[in-house]
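Have a look at query-v3.cif; it's mmCIF, C-alpha atoms:
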data_run
loop_
_atom_site.label_atom_id
_atom_site.label_comp_id
_atom_site.auth_asym_id
_atom_site.auth_seq_id
_atom_site.Cartn_x
_atom_site.Cartn_y
_atom_site.Cartn_z
CA MET A 1 -3.75 -20.99 -9.34
CA PHE A 2 -3.00 -18.09 -6.97
CA ASN A 3 0.27 -19.12 -5.33
CA HIS A 4 1.40 -15.60 -4.39
CA LEU A 5 -0.80 -12.61 -3.58
CA LEU A 6 0.30 -8.99 -3.33
CA VAL A 7 -1.64 -6.81 -0.89
CA PRO A 8 -0.74 -3.10 -0.94
CA LEU A 9 -1.19 -1.36 2.41
CA ASP A 10 -0.66 2.24 3.47
CA GLY A 11 -1.56 2.24 7.14
CA SER A 12 -5.18 3.19 6.56
CA HIS A 13 -8.32 1.27 7.49
CA LEU A 14 -9.43 1.72 3.89
CA ALA A 15 -6.40 -0.19 2.58
CA GLU A 16 -6.86 -2.88 5.23
CA ALA A 17 -10.29 -3.67 3.77
CA ALA A 18 -8.39 -5.82 1.25
CA LEU A 19 -7.03 -8.14 3.93
CA PRO A 20 -10.12 -10.32 4.61
CA PRO A 21 -10.66 -11.19 0.91
CA ALA A 22 -6.91 -11.75 0.47
CA LEU A 23 -6.88 -14.10 3.44
CA GLU A 24 -9.87 -15.96 2.08
CA LEU A 25 -8.07 -16.46 -1.25
CA ALA A 26 -4.86 -17.44 0.52
CA SER A 27 -6.73 -20.02 2.58
CA LYS A 28 -8.47 -21.45 -0.45
CA PHE A 29 -5.36 -21.65 -2.66
CA ASN A 30 -2.66 -22.03 0.02
CA SER A 31 -1.12 -18.76 -1.22
CA ASP A 32 1.84 -16.84 0.09
CA ILE A 33 1.02 -13.20 0.83
CA SER A 34 3.27 -10.19 0.30
CA LEU A 35 2.25 -7.05 2.14
CA VAL A 36 3.72 -4.00 0.40
CA TRP A 37 3.86 -0.35 1.43
CA VAL A 38 5.02 2.30 -1.03
CA ILE A 39 6.61 5.33 0.59
CA GLN A 40 6.33 8.50 -1.42
CA PRO A 41 9.39 10.71 -0.96
CA PRO A 42 8.71 13.92 0.96
CA HIS A 43 9.01 17.19 -0.94
CA LEU A 44 10.06 20.55 0.37
CA ILE A 45 11.13 23.61 -1.54
CA MET A 46 14.80 24.26 -0.95
CA THR A 47 16.72 27.48 -1.24
CA ALA A 48 20.47 27.82 -1.60
CA ALA A 49 20.77 29.44 1.83
CA ASN A 50 19.23 26.60 3.80
CA GLY A 51 19.42 23.65 1.44
CA SER A 52 21.46 21.46 3.80
CA VAL A 53 18.92 21.93 6.59
CA TYR A 54 16.11 20.87 4.27
CA ALA A 55 18.12 17.96 2.94
CA GLN A 56 18.63 16.71 6.49
CA LEU A 57 14.92 17.21 7.26
CA LEU A 58 13.92 15.28 4.13
CA SER A 59 16.25 12.46 5.07
CA GLU A 60 14.85 12.29 8.60
CA MET A 61 11.27 12.36 7.30
CA ARG A 62 12.00 9.56 4.84
CA ASN A 63 13.72 7.46 7.51
CA GLN A 64 10.81 7.92 9.91
CA SER A 65 8.30 6.99 7.20
CA GLU A 66 10.28 3.87 6.40
CA GLN A 67 10.53 2.86 10.08
CA ASP A 68 6.78 3.40 10.55
CA ALA A 69 5.98 1.34 7.45
CA HIS A 70 8.24 -1.53 8.53
CA ALA A 71 6.73 -1.57 12.04
CA TYR A 72 3.17 -1.52 10.68
CA LEU A 73 3.82 -4.32 8.18
CA LYS A 74 5.71 -6.38 10.77
CA ALA A 75 2.75 -6.21 13.15
CA HIS A 76 0.42 -7.49 10.40
CA GLN A 77 2.95 -10.13 9.38
CA ASP A 78 3.27 -11.46 12.93
CA SER A 79 -0.49 -11.58 13.39
CA LEU A 80 -1.10 -13.36 10.10
CA GLN A 81 1.74 -15.82 10.63
CA GLN A 82 0.21 -16.77 13.98
CA GLN A 83 -2.93 -17.61 12.01
CA GLY A 84 -0.90 -19.93 9.78
CA TYR A 85 -0.33 -17.76 6.70
CA VAL A 86 3.01 -17.41 4.92
CA VAL A 87 3.55 -13.65 4.85
CA ASN A 88 6.37 -11.51 3.53
CA THR A 89 6.66 -7.75 3.75
CA GLN A 90 8.31 -5.15 1.60
CA VAL A 91 8.67 -1.40 1.85
CA THR A 92 9.57 0.38 -1.35
CA GLU A 93 9.78 3.99 -2.42
CA GLY A 94 8.33 5.67 -5.47
CA GLU A 95 6.92 8.95 -6.69
CA ASN A 96 4.04 7.09 -8.30
CA VAL A 97 2.45 4.45 -6.05
CA ALA A 98 0.90 2.46 -8.89
CA ASP A 99 4.15 2.27 -10.85
CA ALA A 100 6.03 1.14 -7.75
CA LEU A 101 3.42 -1.53 -7.00
CA LEU A 102 3.49 -2.79 -10.59
CA GLN A 103 7.28 -3.07 -10.40
CA VAL A 104 7.12 -4.98 -7.10
CA ALA A 105 4.43 -7.29 -8.51
CA THR A 106 6.73 -8.13 -11.42
CA GLN A 107 9.79 -8.59 -9.19
CA LEU A 108 7.93 -10.87 -6.78
CA LYS A 109 6.21 -12.75 -9.61
CA VAL A 110 2.84 -12.57 -7.88
CA ASP A 111 -0.19 -14.32 -9.33
CA ALA A 112 -2.78 -11.75 -8.22
CA ILE A 113 -3.12 -8.37 -6.54
CA VAL A 114 -5.78 -7.81 -3.88
CA MET A 115 -6.30 -4.17 -2.98
CA SER A 116 -8.91 -1.74 -1.86
CA THR A 117 -10.12 1.37 -3.57
CA HIS A 118 -9.92 4.54 -1.54
CA GLY A 119 -13.13 5.96 -2.95
CA ARG A 120 -11.81 9.24 -4.27
CA GLY A 121 -13.93 10.92 -6.84
CA GLY A 122 -14.23 14.16 -8.72
CA LEU A 123 -11.39 16.66 -8.46
CA SER A 124 -9.50 14.62 -5.84
CA ARG A 125 -9.30 11.64 -8.18
CA TRP A 126 -8.19 13.86 -11.05
CA VAL A 127 -5.47 15.51 -8.97
CA PHE A 128 -4.15 12.39 -7.24
CA GLY A 129 -4.98 9.86 -9.94
CA SER A 130 -6.34 6.46 -9.14
CA VAL A 131 -3.88 3.81 -8.08
CA ALA A 132 -6.58 1.17 -8.42
CA ASP A 133 -7.44 2.30 -11.95
CA LYS A 134 -3.81 2.16 -13.05
CA MET A 135 -3.35 -1.25 -11.45
CA LEU A 136 -6.36 -2.58 -13.35
CA ARG A 137 -5.10 -1.19 -16.63
CA TYR A 138 -1.45 -2.19 -16.44
CA ALA A 139 -1.04 -5.22 -14.16
CA ASP A 140 -0.06 -8.44 -15.87
CA VAL A 141 -2.00 -10.46 -13.30
CA PRO A 142 -5.60 -10.43 -12.05
CA VAL A 143 -6.49 -7.54 -9.75
CA LEU A 144 -9.23 -7.97 -7.17
CA LEU A 145 -10.52 -4.57 -6.06
CA ILE A 146 -12.34 -4.25 -2.77
CA ARG A 147 -14.53 -1.19 -2.42
CA ALA A 148 -13.51 0.34 0.89
CA LYS A 149 -15.91 2.65 2.63
CA GLU A 150 -15.04 5.14 5.30
CA ASP A 151 -16.62 4.39 8.64
CA LEU A 152 -18.65 7.49 9.27
CA SER A 153 -18.74 6.77 12.99
CA GLU A 154 -14.98 7.49 13.12
CA ALA A 155 -15.29 10.77 11.24
CA PRO A 156 -15.23 13.97 13.30
CA LYS A 157 -18.70 15.33 13.95
CA GLN A 158 -19.54 18.66 12.42
CA VAL A 159 -21.15 21.19 14.72
#

Could you write out this file's structure as structure tokens?
Amino acid sequence: MFNHLLVPLDGSHLAEAALPPALELASKFNSDISLVWVIQPPHLIMTAANGSVYAQLLSEMRNQSEQDAHAYLKAHQDSLQQQGYVVNTQVTEGENVADALLQVATQLKVDAIVMSTHGRGGLSRWVFGSVADKMLRYADVPVLLIRAKEDLSEAPKQV
């Protein structure tokens, strides 16, 4: 039924909240798992006088983001493979995270998407949009949303 699961990750504990339910599904249905990270391209305002410096900086920032994403996903892949799961990883780039994830889901022919919500509300949700909402609306496969909650014990204390 669920032969291939897509789990979007972004390096946050909130995104990782989707892993336990994904692993439970994968165990139950003997599913392959694809861990996917979408890198959003960095943006800087360039001027004609220093455009080449900014272009080089953007390239370095993008390369560093990609290296970080690969290392993060590889660590999860190794850990999960040691537990007996079949895990693939993919880093992709896109201005719009949801659109990039939907494209990857189609390319990989996944049977379900397991992801966490990041709990944005109000103005923040309006400004940044909701990846989870767009995934629910436009994915061609079932989407299991896990409500992630910030651990308040990790938050800086206000004085």

Residues selected by the PyMOL selection byres ((chain A and resi 115) around 9), written as a PDB file with C-alpha atoms, keeping the file's coordinate frame:
ATOM      1  CA  LEU A   6       0.300  -8.990  -3.330  1.00  0.00           C
ATOM      2  CA  VAL A   7      -1.640  -6.810  -0.890  1.00  0.00           C
ATOM      3  CA  PRO A   8      -0.740  -3.100  -0.940  1.00  0.00           C
ATOM      4  CA  LEU A   9      -1.190  -1.360   2.410  1.00  0.00           C
ATOM      5  CA  ALA A  15      -6.400  -0.190   2.580  1.00  0.00           C
ATOM      6  CA  GLU A  16      -6.860  -2.880   5.230  1.00  0.00           C
ATOM      7  CA  ALA A  17     -10.290  -3.670   3.770  1.00  0.00           C
ATOM      8  CA  ALA A  18      -8.390  -5.820   1.250  1.00  0.00           C
ATOM      9  CA  LEU A  19      -7.030  -8.140   3.930  1.00  0.00           C
ATOM     10  CA  ALA A  22      -6.910 -11.750   0.470  1.00  0.00           C
ATOM     11  CA  ILE A 113      -3.120  -8.370  -6.540  1.00  0.00           C
ATOM     12  CA  VAL A 114      -5.780  -7.810  -3.880  1.00  0.00           C
ATOM     13  CA  SER A 116      -8.910  -1.740  -1.860  1.00  0.00           C
ATOM     14  CA  THR A 117     -10.120   1.370  -3.570  1.00  0.00           C
ATOM     15  CA  ALA A 132      -6.580   1.170  -8.420  1.00  0.00           C
ATOM     16  CA  VAL A 143      -6.490  -7.540  -9.750  1.00  0.00           C
ATOM     17  CA  LEU A 144      -9.230  -7.970  -7.170  1.00  0.00           C
ATOM     18  CA  LEU A 145     -10.520  -4.570  -6.060  1.00  0.00           C
ATOM     19  CA  ILE A 146     -12.340  -4.250  -2.770  1.00  0.00           C
ATOM     20  CA  ARG A 147     -14.530  -1.190  -2.420  1.00  0.00           C
TER      21      ARG A 147
END

*Separation of CA of Ala148 (chain A) and CA of Met1 (chain A), in Å?*
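About the pair CA of Ala148 (chain A) and CA of Met1 (chain A): they are 25.6 Å apart.
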
Step by step, work through what the PyMOL selection byres ((chain A and resi 93-108) around 10) selects in the shown file, and finish by giving those residues as a short mmCIF file (atom, residue, chain, number, x, y, z; two decimals) with C-alpha atoms, in the frame of the given file.
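Okay, result_1.cif is ready:
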data_model
loop_
_atom_site.label_atom_id
_atom_site.label_comp_id
_atom_site.auth_asym_id
_atom_site.auth_seq_id
_atom_site.Cartn_x
_atom_site.Cartn_y
_atom_site.Cartn_z
CA HIS A 4 1.40 -15.60 -4.39
CA LEU A 5 -0.80 -12.61 -3.58
CA LEU A 6 0.30 -8.99 -3.33
CA VAL A 7 -1.64 -6.81 -0.89
CA PRO A 8 -0.74 -3.10 -0.94
CA SER A 34 3.27 -10.19 0.30
CA VAL A 36 3.72 -4.00 0.40
CA TRP A 37 3.86 -0.35 1.43
CA VAL A 38 5.02 2.30 -1.03
CA ILE A 39 6.61 5.33 0.59
CA GLN A 40 6.33 8.50 -1.42
CA PRO A 41 9.39 10.71 -0.96
CA PRO A 42 8.71 13.92 0.96
CA ARG A 62 12.00 9.56 4.84
CA GLU A 66 10.28 3.87 6.40
CA GLN A 90 8.31 -5.15 1.60
CA VAL A 91 8.67 -1.40 1.85
CA THR A 92 9.57 0.38 -1.35
CA LYS A 109 6.21 -12.75 -9.61
CA VAL A 110 2.84 -12.57 -7.88
CA ASP A 111 -0.19 -14.32 -9.33
CA ALA A 112 -2.78 -11.75 -8.22
CA ILE A 113 -3.12 -8.37 -6.54
CA PHE A 128 -4.15 12.39 -7.24
CA GLY A 129 -4.98 9.86 -9.94
CA SER A 130 -6.34 6.46 -9.14
CA VAL A 131 -3.88 3.81 -8.08
CA ALA A 132 -6.58 1.17 -8.42
CA ASP A 133 -7.44 2.30 -11.95
CA LYS A 134 -3.81 2.16 -13.05
CA MET A 135 -3.35 -1.25 -11.45
CA LEU A 136 -6.36 -2.58 -13.35
CA TYR A 138 -1.45 -2.19 -16.44
CA ALA A 139 -1.04 -5.22 -14.16
CA ASP A 140 -0.06 -8.44 -15.87
CA VAL A 141 -2.00 -10.46 -13.30
#

_Report, in Å with one decimal, the straight-line distance from CA of His76 (chain A) to CA of Ile33 (chain A)._
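Straight-line distance from CA of His76 (chain A) to CA of Ile33 (chain A) works out to 11.2 Å.
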
*Any idea what the distance is between CA of Ala69 (chain A) and CA of Asn88 (chain A)?*
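Distance between the two atoms: 13.4 Å.
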
*asked:* Using only C-alpha atoms for the distances, tell me which of A:Leu58, A:Val53, A:Val87, A:Leu35 is nearest to Tyr72 (chain A).
replied: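 Among A:Leu58, A:Val53, A:Val87, A:Leu35, it is A:Leu35 that comes nearest to Tyr72 (chain A).
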